[in-house]
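Below you'll find the structure, written out as structure tokens, and then a few comments.
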Amino acid sequence: MTDLNTRTEYFTCHNGSKAELPFSKDEYARRLTKLREIMTARDIPAVLLTSMHNIAYYSGFLYCAFGRPYGCVVTQEACTTVSANIDAGQPWRRSVEENVIYTDWQRNNYWRAVASLTGGAKRIGIEGDHMTLAARYAALHMLGEPELVDIAADTMQARMIKSAEEITLIKAGARTADIGGAAIHAAIREGATEIEVAMAGRNAMEVEIARAFPDAEYRDTWVWFQSGLNTDGAHNPVTNRRLEKGDILSLNTFPMISGYYTALERTLFVGQPDAASLRLWDANVAAHELGMSLIKVGATCSGITAEINRFFAEEGLLQYRSFGYGHSFGVLSHYYGREAGLELREDIDTALEQGMVVSMEPMLWIPEGTPGAGGYREHDILVIGEDGVENITKFPYGPEHNIIDR
């Protein structure tokens, strides 16, 4: 009979065979080598990664927390994910190296599992932008009061330069986003609901992802399709509102392939827009084209932002700008991940380099009661390569293609 007080705190179980991961073993080895160089330079014997994006980036495993902690401990010798027993063998199958499972019959078994992997290290790297105060307290208490060293900025810098394998996957995502955009375009009609149109785009993308990536896990692909007043926010959820003649629309497709986010965003109208709306739309398209022309090796995020700001100011529209003009792509999602050092904002001076992937996405938000009210947004993805800058978004933008009269 099992003693209720001596059950195992953590264990390993290689259940089944290793799955096909999004990237090659050489790619994960490259990433881990770079992380270990950071660890050596900063005299950090062990790193505890806790975010979805970093764990996925370095191990291949994308967790589903559901209120439980997850981790990945990296030393100079090993890369081991730490997962909850509720997930059984799936985390090991989806981890490039090893995995330890913790049980939940006793509080803090997660931290006991982590301690078994950090080996009593007195300096441990953590993600300061992800670890909560409660987790920090538990780490200090359960890991022997180590010095906790924030490596979040270092890992972000490492992720900002994409490998050839990453760029291949990102291009597949952009192509999938275009497929979703075409399905949405075809579904738009007067009287259709936002949710009906959004479902058409999401379903088309999921079918394509399953076709192109038969060994992947499928999760998190989504669409934000907004109409009328609901276009004012870039991240407004879909509603059951019916489309009306004259509506401004926002098409936003987001295929998620193995944790990698891509996007397509377009302004459309149901029927011919009025003169004020058309002027605003044309101005935002002009800003979009200006922004894309500025993306090149050596340009700075703040410098690009200043040029687009100048254009909007000359048009008398700068006060309607909604957010920064673009951001990095890679292992990120609407609820995890961000490479804040590569956003097109006034306060980011990062210079663009070969291997970076960024969006150009100006948005104007005109409040209700103002002529041309609504949100205007265009979004393309650009890869900075050895031979120049490639726009990998192919879905057309502007009035010539996106005025729909049916």
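In the structure tokens, chains take the letters A, B, ... in the order shown, each chain's residues start at 1, and ligands count up from 1 in the order shown.
Near Gly180 in chain A, within 6 Å and counting only C-alpha atoms, sit Ala177, Asp178, Ala182, Ala183, Gly201, Ala204 and Met205 of chain A; same-chain residues fewer than 2 positions away were not included.
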Interface rows for range 107-179 of chain A against range 7-27 of chain A: nearest pair, Å to one decimal, 10 Å, only C-alpha atoms, as CSV:
```
residue,atom,partner,partner_atom,distance
A:Arg107,CA,A:Glu9,CA,9.5
A:Asn108,CA,A:Glu9,CA,9.0
A:Asn109,CA,A:Glu9,CA,5.5
A:Tyr110,CA,A:Tyr10,CA,7.8
A:Trp111,CA,A:Glu9,CA,9.8
A:Arg112,CA,A:Glu9,CA,7.3
A:Ala113,CA,A:Tyr10,CA,5.9
A:Val114,CA,A:Tyr10,CA,9.6
A:Ser116,CA,A:Tyr10,CA,9.3
A:Ser163,CA,A:Glu27,CA,8.0
A:Ala164,CA,A:Glu27,CA,9.3
A:Glu165,CA,A:Phe23,CA,6.8
A:Glu166,CA,A:Phe23,CA,7.9
A:Leu169,CA,A:Pro22,CA,8.5
```
Neighbour list for Met199 in chain A as a PyMOL selection string, cut-off 9 Å, only C-alpha atoms, skip fewer than 4 positions in-chain: chain A and resi 184+194-195+203-204+222-223
Picked from range 228-341 of chain A by DSSP as helix (DSSP H, G or I), as a PyMOL selection string: chain A and resi 228-231+275-294+301-314+318-320+340-341
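If you measure from each of A:Cys72, A:Ile188, A:Ala306, A:Ala46 to Gly120 in chain A using only C-alpha atoms, the closest one turns out to be A:Ala46.
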Residue set, range 45-90 of chain A restricted to strand (DSSP E), as a PyMOL selection string: chain A and resi 46-49+71-74+79-84
